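Structure file start33.cif; described as mmCIF, C-alpha atoms and all ligand atoms.
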data_input
#
loop_
_atom_site.label_atom_id
_atom_site.label_comp_id
_atom_site.auth_asym_id
_atom_site.auth_seq_id
_atom_site.Cartn_x
_atom_site.Cartn_y
_atom_site.Cartn_z
CA MET Y 55 0.00 0.00 0.00
CA ALA Y 56 1.38 3.43 -0.91
CA SER Y 57 2.59 5.45 2.07
CA ASN Y 58 0.33 8.34 1.10
CA ALA Y 59 -2.51 6.03 2.21
CA ILE Y 60 -1.12 5.88 5.75
CA GLU Y 61 -3.33 7.69 8.22
CA ILE Y 62 -2.06 8.84 11.64
CA ARG Y 63 -4.63 9.59 14.34
CA PRO Y 64 -3.26 10.96 17.64
CA VAL Y 65 -4.64 9.33 20.78
CA THR Y 66 -3.86 12.21 23.17
CA PRO Y 67 -2.08 15.56 22.63
CA ARG Y 68 1.05 14.34 24.44
CA ILE Y 69 1.46 10.69 23.54
CA GLY Y 70 0.21 7.92 21.28
CA ALA Y 71 -1.11 7.66 17.74
CA GLU Y 72 -3.00 4.98 15.84
CA ILE Y 73 -1.66 4.21 12.38
CA PHE Y 74 -4.03 2.99 9.65
CA GLY Y 75 -3.48 1.86 6.07
CA ILE Y 76 -0.39 -0.32 6.44
CA ASP Y 77 0.10 -4.11 6.38
CA LEU Y 78 3.14 -4.94 8.50
CA ASN Y 79 3.38 -8.38 6.83
CA GLN Y 80 4.64 -6.61 3.71
CA PRO Y 81 8.14 -5.12 3.43
CA LEU Y 82 8.07 -1.36 4.05
CA SER Y 83 8.96 1.00 1.23
CA ASP Y 84 11.48 3.71 2.17
CA GLN Y 85 8.67 6.25 2.23
CA GLU Y 86 6.54 4.06 4.51
CA PHE Y 87 9.52 3.56 6.78
CA GLN Y 88 10.07 7.34 6.99
CA THR Y 89 6.39 7.98 7.72
CA ILE Y 90 6.28 5.39 10.51
CA HIS Y 91 9.60 6.50 11.98
CA GLN Y 92 8.47 10.13 12.00
CA ALA Y 93 5.17 9.13 13.65
CA LEU Y 94 7.16 7.32 16.36
CA MET Y 95 9.32 10.42 16.92
CA ASP Y 96 6.23 12.66 17.07
CA HIS Y 97 3.96 10.45 19.20
CA LEU Y 98 6.44 8.24 21.20
CA VAL Y 99 4.21 5.18 20.85
CA ILE Y 100 2.27 4.11 17.77
CA PHE Y 101 -0.46 1.52 17.48
CA PHE Y 102 -1.54 -0.73 14.61
CA ARG Y 103 -4.64 -2.95 14.42
CA ASP Y 104 -5.28 -6.35 12.80
CA GLN Y 105 -1.66 -7.32 12.16
CA ASP Y 106 -1.60 -11.12 12.03
CA LEU Y 107 2.19 -11.36 12.03
CA THR Y 108 4.44 -14.38 12.22
CA PRO Y 109 7.50 -13.91 14.47
CA GLN Y 110 9.57 -13.65 11.25
CA ALA Y 111 7.39 -10.84 9.85
CA GLN Y 112 7.46 -9.00 13.19
CA MET Y 113 11.25 -9.38 13.30
CA ALA Y 114 11.58 -8.15 9.69
CA PHE Y 115 9.53 -5.06 10.57
CA GLY Y 116 11.68 -4.42 13.65
CA ALA Y 117 14.90 -4.94 11.70
CA ARG Y 118 14.04 -1.93 9.48
CA PHE Y 119 14.62 0.24 12.57
CA GLY Y 120 17.86 -1.33 13.79
CA ARG Y 121 19.63 -4.45 15.02
CA LEU Y 122 17.37 -6.77 17.01
CA HIS Y 123 17.95 -7.21 20.72
CA ILE Y 124 18.08 -10.48 22.65
CA HIS Y 125 16.65 -10.17 26.15
CA PRO Y 126 19.19 -10.97 28.91
CA ALA Y 127 16.73 -13.08 30.94
CA ALA Y 128 13.24 -13.60 29.47
CA PRO Y 129 12.13 -16.65 27.40
CA SER Y 130 11.72 -16.39 23.63
CA VAL Y 131 9.82 -18.19 20.86
CA PRO Y 132 11.70 -21.48 20.16
CA GLY Y 133 14.16 -20.88 17.31
CA PHE Y 134 13.77 -17.07 17.47
CA PRO Y 135 15.84 -15.62 20.34
CA GLU Y 136 14.88 -12.07 19.23
CA ALA Y 137 11.16 -12.82 19.70
CA MET Y 138 10.49 -12.50 23.43
CA ILE Y 139 7.40 -14.19 24.84
CA ILE Y 140 4.94 -12.07 26.81
CA HIS Y 141 2.53 -14.40 28.62
CA ALA Y 142 0.35 -14.54 31.72
CA ASP Y 143 -2.33 -17.01 32.77
CA ALA Y 144 -3.90 -18.59 35.85
CA ASN Y 145 -0.53 -20.07 36.88
CA SER Y 146 1.44 -16.83 36.60
CA THR Y 147 3.04 -15.24 39.63
CA TYR Y 148 4.15 -12.11 37.74
CA VAL Y 149 3.62 -10.40 34.40
CA ASN Y 150 6.15 -8.52 32.32
CA GLY Y 151 6.14 -4.78 32.72
CA GLU Y 152 3.84 -4.46 35.72
CA SER Y 153 5.22 -1.10 36.85
CA TRP Y 154 6.43 2.05 35.04
CA HIS Y 155 9.66 1.36 33.17
CA SER Y 156 11.76 1.67 30.04
CA ASP Y 157 12.80 -1.74 28.67
CA VAL Y 158 16.10 -3.21 29.89
CA SER Y 159 17.48 0.19 30.94
CA CYS Y 160 20.03 -1.77 33.00
CA GLU Y 161 22.08 -2.38 29.84
CA GLU Y 162 24.94 -0.05 28.80
CA GLU Y 163 23.09 0.51 25.53
CA PRO Y 164 19.39 0.14 26.37
CA PRO Y 165 16.93 -0.73 23.58
CA MET Y 166 15.70 2.15 21.40
CA GLY Y 167 12.28 0.64 20.89
CA SER Y 168 10.01 -2.35 21.37
CA ILE Y 169 7.30 -3.81 19.15
CA LEU Y 170 4.67 -5.89 20.93
CA ARG Y 171 1.91 -7.89 19.24
CA ILE Y 172 -0.78 -9.37 21.48
CA HIS Y 173 -2.52 -12.39 19.95
CA THR Y 174 -4.44 -13.78 22.94
CA LEU Y 175 -6.47 -11.49 25.16
CA PRO Y 176 -8.65 -11.59 28.23
CA GLU Y 177 -12.29 -10.64 27.55
CA ILE Y 178 -11.62 -7.38 29.33
CA GLY Y 179 -8.51 -5.84 30.88
CA GLY Y 180 -4.80 -6.13 30.12
CA ASP Y 181 -4.44 -2.56 28.81
CA THR Y 182 -1.01 -0.94 28.68
CA LEU Y 183 -0.23 2.62 29.83
CA PHE Y 184 2.41 4.75 28.10
CA ALA Y 185 3.84 8.04 29.41
CA ASN Y 186 5.79 10.91 27.83
CA MET Y 187 9.20 11.40 29.48
CA TYR Y 188 9.87 14.68 27.63
CA ALA Y 189 6.79 16.06 29.39
CA ALA Y 190 7.99 14.57 32.68
CA PHE Y 191 11.19 16.63 32.32
CA GLU Y 192 9.63 19.81 30.88
CA THR Y 193 7.03 20.15 33.65
CA LEU Y 194 9.65 20.23 36.42
CA SER Y 195 10.77 23.62 37.78
CA ALA Y 196 13.95 25.16 36.36
CA PRO Y 197 15.99 24.56 39.58
CA MET Y 198 14.93 20.89 39.62
CA GLN Y 199 15.80 20.52 35.92
CA THR Y 200 19.25 21.99 36.62
CA LEU Y 201 19.83 19.63 39.54
CA LEU Y 202 18.76 16.57 37.54
CA ARG Y 203 20.87 17.50 34.53
CA GLY Y 204 24.00 17.10 36.69
CA LEU Y 205 23.12 13.63 38.00
CA THR Y 206 23.65 10.03 36.94
CA ALA Y 207 21.89 6.92 38.24
CA VAL Y 208 22.55 3.20 38.53
CA HIS Y 209 20.14 0.87 36.66
CA ASP Y 210 20.44 -2.66 38.04
CA GLY Y 211 18.98 -5.74 36.29
CA GLU Y 212 19.46 -7.72 39.51
CA LEU Y 213 16.48 -5.89 41.05
CA LEU Y 214 14.06 -7.37 38.53
CA TYR Y 215 15.55 -10.45 36.95
CA ARG Y 216 17.06 -12.45 39.86
CA GLY Y 217 14.93 -15.58 40.28
CA ARG Y 218 12.20 -14.30 37.97
CA TYR Y 219 12.41 -16.35 34.80
CA THR Y 220 14.27 -19.51 35.79
CA GLY Y 221 14.17 -21.59 38.94
CA ASN Y 222 17.88 -21.46 39.63
CA ASP Y 223 19.91 -18.57 38.28
CA ALA Y 224 22.70 -18.76 40.88
CA GLY Y 225 25.94 -17.53 39.37
CA ARG Y 226 24.19 -15.67 36.58
CA VAL Y 227 25.20 -12.04 36.22
CA TYR Y 228 22.55 -9.53 35.14
CA PRO Y 229 23.32 -6.23 33.41
CA LYS Y 230 23.99 -3.09 35.43
CA ALA Y 231 24.78 0.36 34.04
CA THR Y 232 25.03 4.02 35.01
CA HIS Y 233 23.10 6.52 32.88
CA PRO Y 234 22.37 10.26 33.01
CA VAL Y 235 19.14 11.03 34.90
CA ILE Y 236 18.20 13.26 31.97
CA ARG Y 237 19.08 11.79 28.59
CA THR Y 238 19.14 13.57 25.24
CA HIS Y 239 17.08 11.82 22.58
CA PRO Y 240 19.57 11.01 19.78
CA VAL Y 241 17.07 11.81 16.99
CA THR Y 242 14.96 14.69 18.32
CA GLY Y 243 17.65 16.24 20.55
CA ARG Y 244 15.04 16.71 23.30
CA PRO Y 245 15.80 16.05 27.00
CA ALA Y 246 13.84 13.22 28.63
CA LEU Y 247 13.65 11.89 32.20
CA PHE Y 248 15.45 8.53 32.27
CA VAL Y 249 14.97 6.86 35.65
CA ASN Y 250 12.40 4.14 36.28
CA SER Y 251 11.02 2.15 39.16
CA PHE Y 252 12.05 -1.27 37.74
CA PHE Y 253 15.74 -0.73 37.38
CA THR Y 254 16.96 2.57 38.87
CA SER Y 255 18.44 1.81 42.30
CA ARG Y 256 20.54 4.84 43.20
CA ILE Y 257 21.50 8.36 42.15
CA VAL Y 258 25.28 8.25 42.23
CA GLU Y 259 26.10 11.83 43.30
CA LEU Y 260 23.66 11.92 46.27
CA SER Y 261 23.62 10.33 49.73
CA LYS Y 262 21.39 7.25 50.00
CA ALA Y 263 18.68 9.18 51.86
CA GLU Y 264 18.73 11.99 49.27
CA SER Y 265 18.72 9.49 46.40
CA ASP Y 266 15.78 7.52 47.89
CA ALA Y 267 13.74 10.70 48.39
CA LEU Y 268 14.45 12.12 44.94
CA LEU Y 269 13.78 8.82 43.17
CA ALA Y 270 10.49 8.40 45.09
CA PHE Y 271 9.47 11.89 43.94
CA LEU Y 272 10.45 11.19 40.32
CA PHE Y 273 8.74 7.78 40.21
CA ARG Y 274 5.55 9.47 41.45
CA HIS Y 275 5.96 12.33 38.97
CA ILE Y 276 6.25 9.86 36.05
CA GLU Y 277 2.76 8.57 36.96
CA THR Y 278 1.12 11.99 36.29
CA PRO Y 279 -2.04 11.11 34.30
CA GLU Y 280 -1.61 14.02 31.86
CA PHE Y 281 1.65 12.50 30.58
CA ALA Y 282 -0.05 9.21 29.67
CA CYS Y 283 -2.31 7.36 27.28
CA ARG Y 284 -3.95 3.98 27.80
CA PHE Y 285 -4.03 1.41 25.00
CA ARG Y 286 -6.85 -1.11 24.80
CA TRP Y 287 -5.59 -4.13 22.90
CA GLN Y 288 -7.55 -6.17 20.39
CA LYS Y 289 -6.42 -9.50 18.91
CA ASN Y 290 -3.37 -8.77 16.72
CA SER Y 291 -2.92 -5.19 17.80
CA VAL Y 292 0.70 -4.01 17.69
CA ALA Y 293 2.26 -1.28 19.84
CA PHE Y 294 5.66 0.17 18.92
CA TRP Y 295 7.17 2.40 21.61
CA ASP Y 296 10.33 4.48 21.88
CA ASN Y 297 12.14 3.51 25.10
CA ARG Y 298 14.22 6.72 24.97
CA SER Y 299 11.27 9.09 25.30
CA ALA Y 300 8.47 6.99 26.83
CA GLN Y 301 7.86 4.61 29.70
CA HIS Y 302 5.12 2.00 29.89
CA HIS Y 303 3.20 0.00 32.47
CA ALA Y 304 1.33 -3.26 31.71
CA LEU Y 305 -1.82 -3.67 33.80
CA TRP Y 306 -2.46 -7.09 35.36
CA ASP Y 307 -6.14 -6.68 36.16
CA TYR Y 308 -7.27 -9.83 34.31
CA PHE Y 309 -5.99 -12.70 36.51
CA PRO Y 310 -6.72 -15.64 36.08
CA ALA Y 311 -7.39 -15.01 32.35
CA THR Y 312 -4.71 -15.50 29.68
CA ARG Y 313 -2.91 -12.75 27.78
CA SER Y 314 -0.12 -13.63 25.31
CA GLY Y 315 2.02 -11.99 22.71
CA VAL Y 316 5.45 -11.58 21.22
CA ARG Y 317 7.81 -8.64 21.67
CA VAL Y 318 10.59 -7.75 19.26
CA THR Y 319 13.03 -5.23 20.69
CA ILE Y 320 15.43 -3.00 18.79
CA CYS Y 321 18.94 -2.23 20.05
CA GLY Y 322 19.76 1.33 21.08
CA ASP Y 323 22.81 3.38 21.94
CA LYS Y 324 24.48 4.67 25.08
CA PRO Y 325 22.42 7.42 26.73
CA TYR Y 326 24.07 10.87 26.94
C1 LIG P 401 6.49 -5.08 28.40
O1 LIG P 401 6.92 -4.37 29.31
O2 LIG P 401 7.13 -5.31 27.39
C2 LIG P 401 5.10 -5.69 28.51
C3 LIG P 401 4.07 -4.76 27.99
C4 LIG P 401 2.71 -5.39 27.93
O3 LIG P 401 2.57 -6.59 28.14
O4 LIG P 401 1.75 -4.68 27.63
#

Kindly return the structure encoded in the file as structure tokens.
Amino acid sequence: MASNAIEIRPVTPRIGAEIFGIDLNQPLSDQEFQTIHQALMDHLVIFFRDQDLTPQAQMAFGARFGRLHIHPAAPSVPGFPEAMIIHADANSTYVNGESWHSDVSCEEEPPMGSILRIHTLPEIGGDTLFANMYAAFETLSAPMQTLLRGLTAVHDGELLYRGRYTGNDAGRVYPKATHPVIRTHPVTGRPALFVNSFFTSRIVELSKAESDALLAFLFRHIETPEFACRFRWQKNSVAFWDNRSAQHHALWDYFPATRSGVRVTICGDKPY
């Protein structure tokens, strides 16, 4: 389908857009790629409906945007290490992404983006929230922005991954990295808040008490409803989010029902 048939409908003024008129099973033309990439830059998360993708087609779509990432801990579709399984059912004791976060920010070069297709849904529930981290930065006072711009923080995979995916992971080392608290988006050049409640354990330049208090404030600030949109999935919906400018939170309000999908994640670069 020609890219001039692509329609972009914003979901809220600050974040999210639905994209119509594209079949992600087909290779993207350069113009379609540009249109989708620009929509991602403008809206931070973009949504597609009715995309009955194989893992290969989802991976081919992701590969247009960069090298594919292999998750350091989570299970993947057999034979496709780049296709991470997202699954919860009556036997689950956790779900992926059940708090505000940016994917795998504990790595030295955290993923630029993630593409999730949900193929099995509860009758109701299982929405995902997305929030704008440019807005999270821009709405802080000037003195707070100045303070944060001078700080770095530790992101520790140990906090989330230890004992989560496999029974015995003794001896396994999970990623840990230090990143600026405010990162500059490498494409838009805009500053974005880059700490999250999954991985960020400590602000390096502050005492522990100061770091705990400031992180608690920032984690609460990230939850501001006006920064967010809420996506209601349908079978074969796809969400593609930018981990450099947005955070997300998967809601687990559907237990004991089943929700399943596949996530393809795209490698990113070192935050600065
Ligand atoms: C994730 O954090 O990748 C999971 C998102 C979701 O299941 O909606």

Which residues of chain Y have any atom within 7 Å of an atom in ligand LIG 401 (chain P) when counting all atoms listed in the file, and what is the closest pair of atoms for each, with the distance in Å to one decimal? Order the rows by chain and rising number and write it as CSV.
residue,atom,partner,partner_atom,distance
Y:Ile140,CA,P:LIG401,O3,6.1
Y:Asn150,CA,P:LIG401,C2,4.9
Y:Gly151,CA,P:LIG401,O1,3.5
Y:Asp157,CA,P:LIG401,O1,6.5
Y:Leu170,CA,P:LIG401,O2,6.9
Y:Asp181,CA,P:LIG401,O4,6.6
Y:Thr182,CA,P:LIG401,O4,4.8
Y:His302,CA,P:LIG401,O1,6.6
Y:His303,CA,P:LIG401,O1,6.6
Y:Ala304,CA,P:LIG401,O4,4.3
Y:Arg317,CA,P:LIG401,O2,6.7

Okay, now the selection with C-alpha atoms, as a PDB file, in the coordinates of the input?
ATOM      1  CA  ILE Y 140       4.940 -12.070  26.810  1.00  0.00           C
ATOM      2  CA  ASN Y 150       6.150  -8.520  32.320  1.00  0.00           C
ATOM      3  CA  GLY Y 151       6.140  -4.780  32.720  1.00  0.00           C
ATOM      4  CA  ASP Y 157      12.800  -1.740  28.670  1.00  0.00           C
ATOM      5  CA  LEU Y 170       4.670  -5.890  20.930  1.00  0.00           C
ATOM      6  CA  ASP Y 181      -4.440  -2.560  28.810  1.00  0.00           C
ATOM      7  CA  THR Y 182      -1.010  -0.940  28.680  1.00  0.00           C
ATOM      8  CA  HIS Y 302       5.120   2.000  29.890  1.00  0.00           C
ATOM      9  CA  HIS Y 303       3.200   0.000  32.470  1.00  0.00           C
ATOM     10  CA  ALA Y 304       1.330  -3.260  31.710  1.00  0.00           C
ATOM     11  CA  ARG Y 317       7.810  -8.640  21.670  1.00  0.00           C
TER      12      ARG Y 317
END

**OP:** Would you list the contacts of Y:Pro129 as an MDAnalysis selection string, taking every protein, DNA or RNA residue within 9 Å and counting only C-alpha atoms, but skipping same-chain residues closer than 4 positions in sequence?
**Re:** chainID Y and resid 125 135 137:140 219

Those residues with C-alpha atoms, as an mmCIF file, in the coordinates of the input please?
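Below you can see part21.cif, which holds the result:
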data_model
loop_
_atom_site.group_PDB
_atom_site.id
_atom_site.type_symbol
_atom_site.label_atom_id
_atom_site.label_comp_id
_atom_site.auth_asym_id
_atom_site.auth_seq_id
_atom_site.Cartn_x
_atom_site.Cartn_y
_atom_site.Cartn_z
ATOM 1 C CA HIS Y 125 16.650 -10.170 26.150
ATOM 2 C CA PRO Y 135 15.840 -15.620 20.340
ATOM 3 C CA ALA Y 137 11.160 -12.820 19.700
ATOM 4 C CA MET Y 138 10.490 -12.500 23.430
ATOM 5 C CA ILE Y 139 7.400 -14.190 24.840
ATOM 6 C CA ILE Y 140 4.940 -12.070 26.810
ATOM 7 C CA TYR Y 219 12.410 -16.350 34.800
#

Subject >> Closest of Y:Ala293, Y:Val316, Y:Leu202, Y:Leu213 to Y:Val131 - atom-to-atom distances counting all atoms listed in the file >> reply: Y:Val316

Original post:
So how many Å separate atom CA of Y:Gly167 and atom CA of Y:Leu107, to one decimal?
Top reply: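 Separating atom CA of Y:Gly167 from atom CA of Y:Leu107 is a distance of 18.0 Å.
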
Original post:
Neighbours of Y:Thr108 within 12 Å (all atoms listed in the file; same-chain residues fewer than 5 positions away dropped), as a PyMOL selection string?
Top reply: chain Y and resi 78-80+113-115+131+134+137+171-173+290+315-318

Kindly export the residues of the current selection with C-alpha atoms, as a JSON list (two decimals), in the coordinates of the input.
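Now in out.json:
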[["chain", "number", "residue", "atom", "x", "y", "z"],
["Y", 78, "LEU", "CA", 3.14, -4.94, 8.50],
["Y", 79, "ASN", "CA", 3.38, -8.38, 6.83],
["Y", 80, "GLN", "CA", 4.64, -6.61, 3.71],
["Y", 113, "MET", "CA", 11.25, -9.38, 13.30],
["Y", 114, "ALA", "CA", 11.58, -8.15, 9.69],
["Y", 115, "PHE", "CA", 9.53, -5.06, 10.57],
["Y", 131, "VAL", "CA", 9.82, -18.19, 20.86],
["Y", 134, "PHE", "CA", 13.77, -17.07, 17.47],
["Y", 137, "ALA", "CA", 11.16, -12.82, 19.70],
["Y", 171, "ARG", "CA", 1.91, -7.89, 19.24],
["Y", 172, "ILE", "CA", -0.78, -9.37, 21.48],
["Y", 173, "HIS", "CA", -2.52, -12.39, 19.95],
["Y", 290, "ASN", "CA", -3.37, -8.77, 16.72],
["Y", 315, "GLY", "CA", 2.02, -11.99, 22.71],
["Y", 316, "VAL", "CA", 5.45, -11.58, 21.22],
["Y", 317, "ARG", "CA", 7.81, -8.64, 21.67],
["Y", 318, "VAL", "CA", 10.59, -7.75, 19.26]]

Hey, could you patch up stretch 151-162 of chain Y with all heavy atoms and hand it over as an mmCIF file, keeping the file's coordinate frame?
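Here's the written file part39.cif:
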data_model
loop_
_atom_site.group_PDB
_atom_site.id
_atom_site.type_symbol
_atom_site.label_atom_id
_atom_site.label_comp_id
_atom_site.auth_asym_id
_atom_site.auth_seq_id
_atom_site.Cartn_x
_atom_site.Cartn_y
_atom_site.Cartn_z
ATOM 1 N N GLY Y 151 6.432 -6.212 32.872
ATOM 2 C CA GLY Y 151 6.140 -4.780 32.720
ATOM 3 C C GLY Y 151 5.102 -4.228 33.649
ATOM 4 O O GLY Y 151 4.501 -3.193 33.353
ATOM 5 N N GLU Y 152 4.942 -4.850 34.842
ATOM 6 C CA GLU Y 152 3.840 -4.460 35.720
ATOM 7 C C GLU Y 152 4.175 -3.273 36.628
ATOM 8 O O GLU Y 152 3.766 -3.241 37.783
ATOM 9 C CB GLU Y 152 3.447 -5.688 36.556
ATOM 10 C CG GLU Y 152 2.067 -5.659 37.087
ATOM 11 C CD GLU Y 152 1.925 -6.689 38.211
ATOM 12 O OE1 GLU Y 152 2.788 -7.578 38.340
ATOM 13 O OE2 GLU Y 152 0.957 -6.570 38.939
ATOM 14 N N SER Y 153 4.932 -2.345 36.137
ATOM 15 C CA SER Y 153 5.220 -1.100 36.850
ATOM 16 C C SER Y 153 5.834 -0.179 35.794
ATOM 17 O O SER Y 153 6.302 -0.652 34.749
ATOM 18 C CB SER Y 153 6.214 -1.373 37.981
ATOM 19 O OG SER Y 153 6.504 -0.183 38.654
ATOM 20 N N TRP Y 154 5.886 1.131 36.040
ATOM 21 C CA TRP Y 154 6.430 2.050 35.040
ATOM 22 C C TRP Y 154 7.898 1.748 34.775
ATOM 23 O O TRP Y 154 8.688 1.646 35.707
ATOM 24 C CB TRP Y 154 6.273 3.490 35.513
ATOM 25 C CG TRP Y 154 4.872 3.964 35.398
ATOM 26 C CD1 TRP Y 154 3.977 4.115 36.406
ATOM 27 C CD2 TRP Y 154 4.191 4.323 34.187
ATOM 28 N NE1 TRP Y 154 2.772 4.549 35.910
ATOM 29 C CE2 TRP Y 154 2.879 4.697 34.554
ATOM 30 C CE3 TRP Y 154 4.553 4.364 32.842
ATOM 31 C CZ2 TRP Y 154 1.932 5.102 33.613
ATOM 32 C CZ3 TRP Y 154 3.617 4.774 31.917
ATOM 33 C CH2 TRP Y 154 2.326 5.134 32.304
ATOM 34 N N HIS Y 155 8.260 1.643 33.510
ATOM 35 C CA HIS Y 155 9.660 1.360 33.170
ATOM 36 C C HIS Y 155 9.941 1.652 31.707
ATOM 37 O O HIS Y 155 9.038 1.829 30.888
ATOM 38 C CB HIS Y 155 9.992 -0.108 33.461
ATOM 39 C CG HIS Y 155 9.289 -1.066 32.533
ATOM 40 N ND1 HIS Y 155 7.947 -1.314 32.611
ATOM 41 C CD2 HIS Y 155 9.757 -1.796 31.492
ATOM 42 C CE1 HIS Y 155 7.607 -2.165 31.671
ATOM 43 N NE2 HIS Y 155 8.683 -2.480 30.966
ATOM 44 N N SER Y 156 11.226 1.622 31.399
ATOM 45 C CA SER Y 156 11.760 1.670 30.040
ATOM 46 C C SER Y 156 12.488 0.340 29.889
ATOM 47 O O SER Y 156 13.229 -0.074 30.786
ATOM 48 C CB SER Y 156 12.707 2.866 29.994
ATOM 49 O OG SER Y 156 13.440 2.880 28.838
ATOM 50 N N ASP Y 157 12.308 -0.353 28.768
ATOM 51 C CA ASP Y 157 12.800 -1.740 28.670
ATOM 52 C C ASP Y 157 14.310 -1.845 28.837
ATOM 53 O O ASP Y 157 15.082 -1.123 28.191
ATOM 54 C CB ASP Y 157 12.388 -2.347 27.321
ATOM 55 C CG ASP Y 157 10.882 -2.574 27.249
ATOM 56 O OD1 ASP Y 157 10.282 -2.903 28.288
ATOM 57 O OD2 ASP Y 157 10.316 -2.414 26.154
ATOM 58 N N VAL Y 158 14.697 -2.792 29.719
ATOM 59 C CA VAL Y 158 16.100 -3.210 29.890
ATOM 60 C C VAL Y 158 17.055 -2.006 30.027
ATOM 61 O O VAL Y 158 18.161 -2.007 29.491
ATOM 62 C CB VAL Y 158 16.552 -4.147 28.740
ATOM 63 C CG1 VAL Y 158 17.679 -5.067 29.215
ATOM 64 C CG2 VAL Y 158 15.437 -5.015 28.202
ATOM 65 N N SER Y 159 16.622 -0.997 30.779
ATOM 66 C CA SER Y 159 17.480 0.190 30.940
ATOM 67 C C SER Y 159 18.742 -0.127 31.732
ATOM 68 O O SER Y 159 19.636 0.716 31.841
ATOM 69 C CB SER Y 159 16.700 1.335 31.607
ATOM 70 O OG SER Y 159 16.434 1.040 32.962
ATOM 71 N N CYS Y 160 18.837 -1.355 32.269
ATOM 72 C CA CYS Y 160 20.030 -1.770 33.000
ATOM 73 C C CYS Y 160 21.207 -2.091 32.061
ATOM 74 O O CYS Y 160 22.320 -2.333 32.544
ATOM 75 C CB CYS Y 160 19.724 -2.988 33.865
ATOM 76 S SG CYS Y 160 18.977 -4.332 32.930
ATOM 77 N N GLU Y 161 20.974 -2.105 30.754
ATOM 78 C CA GLU Y 161 22.080 -2.380 29.840
ATOM 79 C C GLU Y 161 22.845 -1.092 29.520
ATOM 80 O O GLU Y 161 22.282 -0.002 29.571
ATOM 81 C CB GLU Y 161 21.565 -3.022 28.541
ATOM 82 C CG GLU Y 161 21.087 -4.445 28.789
ATOM 83 C CD GLU Y 161 20.730 -5.210 27.521
ATOM 84 O OE1 GLU Y 161 20.428 -4.571 26.496
ATOM 85 O OE2 GLU Y 161 20.728 -6.451 27.590
ATOM 86 N N GLU Y 162 24.113 -1.222 29.163
ATOM 87 C CA GLU Y 162 24.940 -0.050 28.800
ATOM 88 C C GLU Y 162 24.330 0.690 27.625
ATOM 89 O O GLU Y 162 24.394 1.915 27.550
ATOM 90 C CB GLU Y 162 26.368 -0.494 28.418
ATOM 91 C CG GLU Y 162 27.251 -0.916 29.581
ATOM 92 C CD GLU Y 162 27.614 0.240 30.496
ATOM 93 O OE1 GLU Y 162 27.562 1.404 30.063
ATOM 94 O OE2 GLU Y 162 27.925 -0.027 31.664
#
